[in-house]
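Chemist: Structure in structure tokens, see below.
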Amino acid sequence: MLEIRELRHEYGGRTVLSVPQWSVPQGEACLVIGPSGSGKSTLIAIIAGLLAPSAGSVAVAGEAVTGLGAVARDAFRARHVGLVPQMLHLIGVVSVRDNLRIAQRLAGIARDDRAIDACLESLGIAAIAPRKARDVAVGEAQRVAIARAVVNRPRVILADEPTSALDDASCARALALLRGAATACGATLVIATHDQRIRGEVARRLEL
Amino acid sequence: MSTIRLAWAYLAARPLLALLNAAMLAIGVATLVLLLLFTSQAEERLARDASPVDLVVGAKGSPLQLILSALLQADVPTGNIRLDEARKVAADPMVASSTPICLGDTFRGHRIIGTDATYLALYGAKVAQGRVFERGMEVVVGAEVARRTGVGMGAQLVGTHGLGASGTPHEGHAYRVVGVLAPTGTVIDRLVVTPLESVWQIHEEHPGAGAEGQREITALLVRYRTPLAAALMPRRINATTSMQAAAPAYEMARLMNLVGVGVDVLRGFAVVLMATAALSMFVALMSALQERRYDLALLRMLGARPAALFALVVAEGVTLVLAGVILGLVLGHAAAGVLGSWIARSNAWNITGLAWQPAEGWIALVVLAAGAATCLIPAFQAYRRDPAILLRR
């Protein structure tokens, strides 16, 4: 369950985000939709514990993220939050498998290559596991970013504009991959987007 | 994947730059190590050669030249002194022992020194083969002389007049080798040692080889009976006789000071080189940090603590410095070995690259600390990275 109450964030004396109340049941998918500058990325950053809000609370699976200290927020994010940034950034100097190992290590999970291989297999990219991440194609990088987000079986997956730069076919495929991965690990999926093409694909929405 | 492995992956991604930075640092460390090995081994050698003697009494002139010629066998003597005058010094109650030496000839570049058996005792020399000389025209050869010339027991050898390379041989005055000395690591290894009488006998037609009363020697090596002698004897000899007295400890310190100026310049050069390497490493890390700002943000996004990013940058810098230090130590020792063997071909100095000086550990530690300090600013910048930049990109 993702639960938000009286959330407000100010920047330079101006309120850039305000969400009075919103909740998403565990395992459900939802869209945070709105134009550029409406506070979507700010909301993602607050849920992920990257940013402390000016007021209000956010709870993920019963844990009040906004009530945690900086160290606990980092640990919580590593263990229970999967993030898929818009630019899909991978660490290029190491292999695809190592990108996932880094996520495991930071989450405090013992190295588990079988889990990594199963995750890559489920996304159809097992063959590129040993390749340097800088050498993979854009479509592969998108799958690797999703694999990295789900490898620790998080409670919530946060995707920031995952389809904005994609053509229609790729957009549908990316959405299907995200939903499939979230369903497979029972995570709540939050997609922040201004892409109107996927508006009708997800029933639960938060308009900003 | 550990911090060290990730740091290594970043270094391996830019191998040329990493190699150049490490190489610059290594050259600086190697120069320092080379200087250290040379100066320390030279100082040890000088100390070994000079330490058995408290005072050298010889002809007036440069005291340093007297020490170099009489103790280190590395310069021409300042002249001769009268044997009867030297004996008066030897009879002084403050003198524990004295050793007369007489120079004048060489054998294949090795000095022939006329003396008595106390000279062997000064350097703790033991006979490895044969026996000690007992009469005139008998010699024992140092271990280095035997090794280089191949002269062994029973061999006859003819000395060449003078200490330079262009002397005439003393034909008809062959020495007989009666003993070969065991190596001592001191000056005696490269000498041919014979009784004083041999030198006088060969040089009968030369000045200084007259009747007992007028006989001359090159120098008298003195050991004090009491520390008080150090304060009184040199002054008295210099003031009241035609001879001069020089203290090896003082002259060695003066020599090392003179040589030290050149060594200090080289040492300064090495430090400048290392400072340049540190600056270059700093620039490389700052530039890498800029290139990797999204990697660092991603790591934070994945849950890495700011301290972990700090550690990552420090690990990268320290790995580079460690590589430079190890490479520098290896290069320094290799260079000392190569230069040492090159010098040994024309000189009796044995500089080895296999020796380890405790100061090398300090050099390594100081360079590592300085290198780690160089990483602090880039590491602190990594520490302060905003993790949300990937979401705003």
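By order in the structure tokens, chains are A, B, ...; within a chain, residues start at 1; ligands start at 1, following the order shown.
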May I have the residues within 10 Å of segment 43-49 of chain A as a VMD selection string, using only C-alpha atoms and disregarding those fewer than 4 positions away in the same chain?
Modeler: (chain A and resid 2 to 4 7 to 9 16 to 19 32 38 to 39 53 57 to 60 64 to 70 72 to 78 80 to 83 85 156 to 160 190 to 192 208) or (chain B and resid 301 to 303 387 to 388 391 to 392)
Chemist: Using DSSP on the backbone, list every residue of segment 46-172 of chain A that comes out as alpha helix (DSSP H), and give them as a ChimeraX atom specification.
Modeler: /A:46-47,70-80,96-106,113-122,138-150,168-172
Chemist: Can you tell me which residues surround segment 178-192 of chain B at a distance of at most 10 Å, considering only C-alpha atoms, apart from same-chain residues fewer than 3 positions away, and format the answer as number ranges by chain?
Modeler: B: 44-50, 71-74, 105-107, 109-114, 119-120, 122-134, 137-148, 151-156, 159, 175, 348-350
Chemist: Using DSSP secondary structure from the backbone, list all strand (DSSP E) positions within segment 65-206 of chain B, as number ranges by chain.
Modeler: B: 81-82, 95-107, 110-115, 127-130, 138-141, 156-161, 169-181, 192-195
Chemist: Write out the residues from the selection above, keeping N, CA and C atoms, as a short mmCIF file (atom, residue, chain, number, x, y, z; two decimals), in the first residue's frame.
Modeler:
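Produced file again31.cif, reproduced below:
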```
data_model
loop_
_atom_site.label_atom_id
_atom_site.label_comp_id
_atom_site.auth_asym_id
_atom_site.auth_seq_id
_atom_site.Cartn_x
_atom_site.Cartn_y
_atom_site.Cartn_z
N ILE B 81 105.03 11.80 5.88
CA ILE B 81 105.47 12.31 7.19
C ILE B 81 106.64 11.45 7.66
N ARG B 82 107.43 12.02 8.55
CA ARG B 82 108.60 11.28 9.04
C ARG B 82 108.15 10.21 10.03
N VAL B 95 96.81 7.40 23.12
CA VAL B 95 96.60 6.56 21.93
C VAL B 95 96.50 5.08 22.35
N ALA B 96 95.41 4.47 21.94
CA ALA B 96 95.22 3.04 22.26
C ALA B 96 95.98 2.17 21.27
N SER B 97 95.90 2.53 20.00
CA SER B 97 96.64 1.78 18.98
C SER B 97 96.90 2.69 17.79
N SER B 98 97.91 2.36 17.05
CA SER B 98 98.21 3.16 15.86
C SER B 98 98.67 2.24 14.74
N THR B 99 98.37 2.62 13.52
CA THR B 99 98.72 1.80 12.35
C THR B 99 99.37 2.69 11.30
N PRO B 100 100.63 2.46 11.00
CA PRO B 100 101.27 3.26 9.95
C PRO B 100 100.87 2.72 8.58
N ILE B 101 100.70 3.60 7.63
CA ILE B 101 100.45 3.13 6.25
C ILE B 101 101.37 3.88 5.29
N CYS B 102 101.68 3.19 4.22
CA CYS B 102 102.59 3.74 3.23
C CYS B 102 102.02 3.43 1.84
N LEU B 103 101.72 4.46 1.09
CA LEU B 103 101.13 4.27 -0.24
C LEU B 103 102.13 4.66 -1.31
N GLY B 104 101.90 4.25 -2.50
CA GLY B 104 102.80 4.65 -3.57
C GLY B 104 102.61 3.86 -4.85
N ASP B 105 102.15 2.62 -4.73
CA ASP B 105 102.04 1.78 -5.93
C ASP B 105 100.64 1.19 -6.06
N THR B 106 100.41 0.67 -7.24
CA THR B 106 99.13 -0.01 -7.47
C THR B 106 99.39 -1.31 -8.21
N PHE B 107 98.40 -2.20 -8.16
CA PHE B 107 98.45 -3.42 -8.96
C PHE B 107 97.11 -3.54 -9.69
N HIS B 110 94.49 -1.52 -8.26
CA HIS B 110 94.26 -1.69 -6.81
C HIS B 110 95.48 -1.21 -6.05
N ARG B 111 95.24 -0.40 -5.02
CA ARG B 111 96.37 0.16 -4.29
C ARG B 111 97.11 -0.90 -3.50
N ILE B 112 98.45 -0.76 -3.48
CA ILE B 112 99.28 -1.61 -2.62
C ILE B 112 99.57 -0.77 -1.39
N ILE B 113 99.22 -1.28 -0.24
CA ILE B 113 99.39 -0.50 0.98
C ILE B 113 100.40 -1.20 1.89
N GLY B 114 101.46 -0.45 2.24
CA GLY B 114 102.44 -0.96 3.18
C GLY B 114 101.97 -0.64 4.59
N THR B 115 101.95 -1.63 5.44
CA THR B 115 101.43 -1.41 6.80
C THR B 115 101.92 -2.55 7.70
N VAL B 127 92.01 -14.13 7.13
CA VAL B 127 92.59 -14.76 5.94
C VAL B 127 91.71 -15.94 5.54
N ALA B 128 91.26 -15.92 4.29
CA ALA B 128 90.41 -17.02 3.80
C ALA B 128 91.26 -18.16 3.29
N GLN B 129 92.39 -17.80 2.67
CA GLN B 129 93.34 -18.81 2.19
C GLN B 129 94.74 -18.35 2.56
N GLY B 130 95.62 -19.29 2.91
CA GLY B 130 97.03 -18.95 3.18
C GLY B 130 97.21 -18.37 4.57
N GLU B 138 106.06 -10.02 0.76
CA GLU B 138 104.89 -10.91 0.84
C GLU B 138 103.64 -10.03 0.89
N VAL B 139 102.59 -10.50 0.25
CA VAL B 139 101.35 -9.72 0.27
C VAL B 139 100.16 -10.63 0.58
N VAL B 140 99.12 -10.00 1.14
CA VAL B 140 97.80 -10.64 1.14
C VAL B 140 96.91 -9.76 0.29
N VAL B 141 96.04 -10.38 -0.47
CA VAL B 141 95.18 -9.57 -1.35
C VAL B 141 93.75 -9.59 -0.81
N GLN B 156 102.79 -14.37 -8.30
CA GLN B 156 103.75 -13.27 -8.21
C GLN B 156 103.06 -12.06 -8.84
N LEU B 157 103.19 -10.93 -8.21
CA LEU B 157 102.61 -9.73 -8.84
C LEU B 157 103.58 -8.57 -8.76
N VAL B 158 103.52 -7.77 -9.82
CA VAL B 158 104.43 -6.63 -9.93
C VAL B 158 103.63 -5.34 -9.82
N GLY B 159 104.04 -4.48 -8.91
CA GLY B 159 103.33 -3.23 -8.71
C GLY B 159 103.73 -2.20 -9.75
N THR B 160 102.85 -1.22 -9.94
CA THR B 160 103.11 -0.12 -10.85
C THR B 160 103.33 1.13 -10.00
N HIS B 161 104.34 1.89 -10.32
CA HIS B 161 104.65 3.06 -9.50
C HIS B 161 103.56 4.14 -9.65
N PRO B 169 106.05 -0.09 -14.27
CA PRO B 169 106.11 -1.26 -13.38
C PRO B 169 107.47 -1.35 -12.65
N HIS B 170 107.41 -1.85 -11.44
CA HIS B 170 108.65 -2.06 -10.67
C HIS B 170 109.20 -3.43 -11.05
N GLU B 171 109.77 -3.52 -12.27
CA GLU B 171 110.28 -4.82 -12.72
C GLU B 171 111.39 -5.28 -11.77
N GLY B 172 111.44 -6.57 -11.56
CA GLY B 172 112.46 -7.10 -10.68
C GLY B 172 112.10 -7.03 -9.21
N HIS B 173 110.92 -6.48 -8.91
CA HIS B 173 110.46 -6.43 -7.53
C HIS B 173 109.08 -7.08 -7.44
N ALA B 174 109.04 -8.36 -7.64
CA ALA B 174 107.73 -9.04 -7.62
C ALA B 174 107.34 -9.40 -6.19
N TYR B 175 106.07 -9.17 -5.90
CA TYR B 175 105.53 -9.60 -4.61
C TYR B 175 105.08 -11.05 -4.74
N ARG B 176 104.99 -11.71 -3.61
CA ARG B 176 104.46 -13.08 -3.61
C ARG B 176 103.19 -13.10 -2.77
N VAL B 177 102.15 -13.64 -3.35
CA VAL B 177 100.87 -13.69 -2.62
C VAL B 177 100.91 -14.85 -1.64
N VAL B 178 100.77 -14.51 -0.35
CA VAL B 178 100.79 -15.58 0.67
C VAL B 178 99.42 -15.77 1.32
N GLY B 179 98.50 -14.89 0.97
CA GLY B 179 97.17 -15.05 1.58
C GLY B 179 96.11 -14.27 0.81
N VAL B 180 94.89 -14.78 0.87
CA VAL B 180 93.73 -14.07 0.29
C VAL B 180 92.75 -13.81 1.43
N LEU B 181 92.31 -12.56 1.54
CA LEU B 181 91.44 -12.19 2.66
C LEU B 181 89.98 -12.53 2.37
N VAL B 192 95.83 -4.39 -1.85
CA VAL B 192 96.89 -5.39 -1.73
C VAL B 192 97.70 -4.94 -0.52
N VAL B 193 97.81 -5.80 0.49
CA VAL B 193 98.42 -5.38 1.75
C VAL B 193 99.76 -6.08 1.94
N THR B 194 100.75 -5.29 2.30
CA THR B 194 102.12 -5.82 2.44
C THR B 194 102.80 -5.12 3.61
N PRO B 195 103.86 -5.67 4.16
CA PRO B 195 104.56 -4.95 5.23
C PRO B 195 105.15 -3.62 4.73
#
```
Chemist: Do a neighbour search on segment 280-297 of chain B at 7 Å with only C-alpha atoms, toss out local chain neighbours closer than 4 positions, and write the hits as number ranges by chain.
Modeler: A: 91; B: 21, 276, 301, 309, 374-375, 378, 385-390
Chemist: Ranking A:Thr193, A:Glu140, A:Ala184, A:Ala174 by minimum distance to chain B and counting only C-alpha atoms, which one comes first?
Modeler: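 Among the listed residues, A:Thr193 lies closest to chain B.
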Chemist: So that I can check the surroundings of Pro77 of chain B, please list as a list in words every protein, DNA and RNA residue that reaches within 8 Å of it, counting only C-alpha atoms and ignoring chain neighbours fewer than 3 positions away.
Modeler: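 Here the qualifying residues turn out to be Gln65, Leu66, Ser69, Ala70, Asn80 and Thr218 of chain B.
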Chemist: The selected residues should be written to file as a tab-separated table (two decimals), in the first residue's frame (atoms: N, CA and C atoms).
Modeler:
```tsv
chain	number	residue	atom	x	y	z
B	65	GLN	N	91.32	15.63	1.90
B	65	GLN	CA	92.16	14.84	0.99
B	65	GLN	C	92.92	13.77	1.77
B	66	LEU	N	93.38	14.13	2.98
B	66	LEU	CA	94.10	13.17	3.82
B	66	LEU	C	93.20	11.98	4.17
B	69	SER	N	92.46	9.87	1.01
B	69	SER	CA	93.59	9.06	0.54
B	69	SER	C	93.97	7.97	1.53
B	70	ALA	N	94.00	8.30	2.82
B	70	ALA	CA	94.52	7.35	3.81
B	70	ALA	C	93.48	6.33	4.26
B	80	ASN	N	104.18	12.93	2.54
B	80	ASN	CA	104.64	11.95	3.51
B	80	ASN	C	104.97	12.62	4.84
B	218	THR	N	103.09	7.42	4.80
B	218	THR	CA	102.07	8.33	4.24
B	218	THR	C	101.17	8.87	5.34
```
Chemist: For Thr226 of chain B, find every residue with an atom within 12 Å (counting only C-alpha atoms), except residues of its own chain fewer than 5 positions away, and show them as a ChimeraX atom specification.
Modeler: /B:54,92-97,231-233
Chemist: Write out, as a PDB file, in the first residue's frame, the residues just selected, with C-alpha atoms.
Modeler:
```pdb
ATOM      1  CA  ASP B  54      89.544   8.097  15.320  1.00  0.00           C
ATOM      2  CA  ASP B  92     101.229   9.236  23.326  1.00  0.00           C
ATOM      3  CA  PRO B  93      99.439   7.768  26.389  1.00  0.00           C
ATOM      4  CA  MET B  94      96.096   8.873  24.953  1.00  0.00           C
ATOM      5  CA  VAL B  95      96.600   6.556  21.931  1.00  0.00           C
ATOM      6  CA  ALA B  96      95.217   3.040  22.261  1.00  0.00           C
ATOM      7  CA  SER B  97      96.637   1.778  18.984  1.00  0.00           C
ATOM      8  CA  ALA B 231      89.614  17.384  22.157  1.00  0.00           C
ATOM      9  CA  LEU B 232      93.356  17.583  22.766  1.00  0.00           C
ATOM     10  CA  MET B 233      95.343  15.550  20.240  1.00  0.00           C
TER      11      MET B 233
END
```
Chemist: Between B:Trp362, B:Tyr383, B:Phe269, B:Tyr250, which has the minimum distance to Ala304 of chain B (counting only C-alpha atoms)?
Modeler: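 Nearest to Ala304 of chain B: B:Tyr383.
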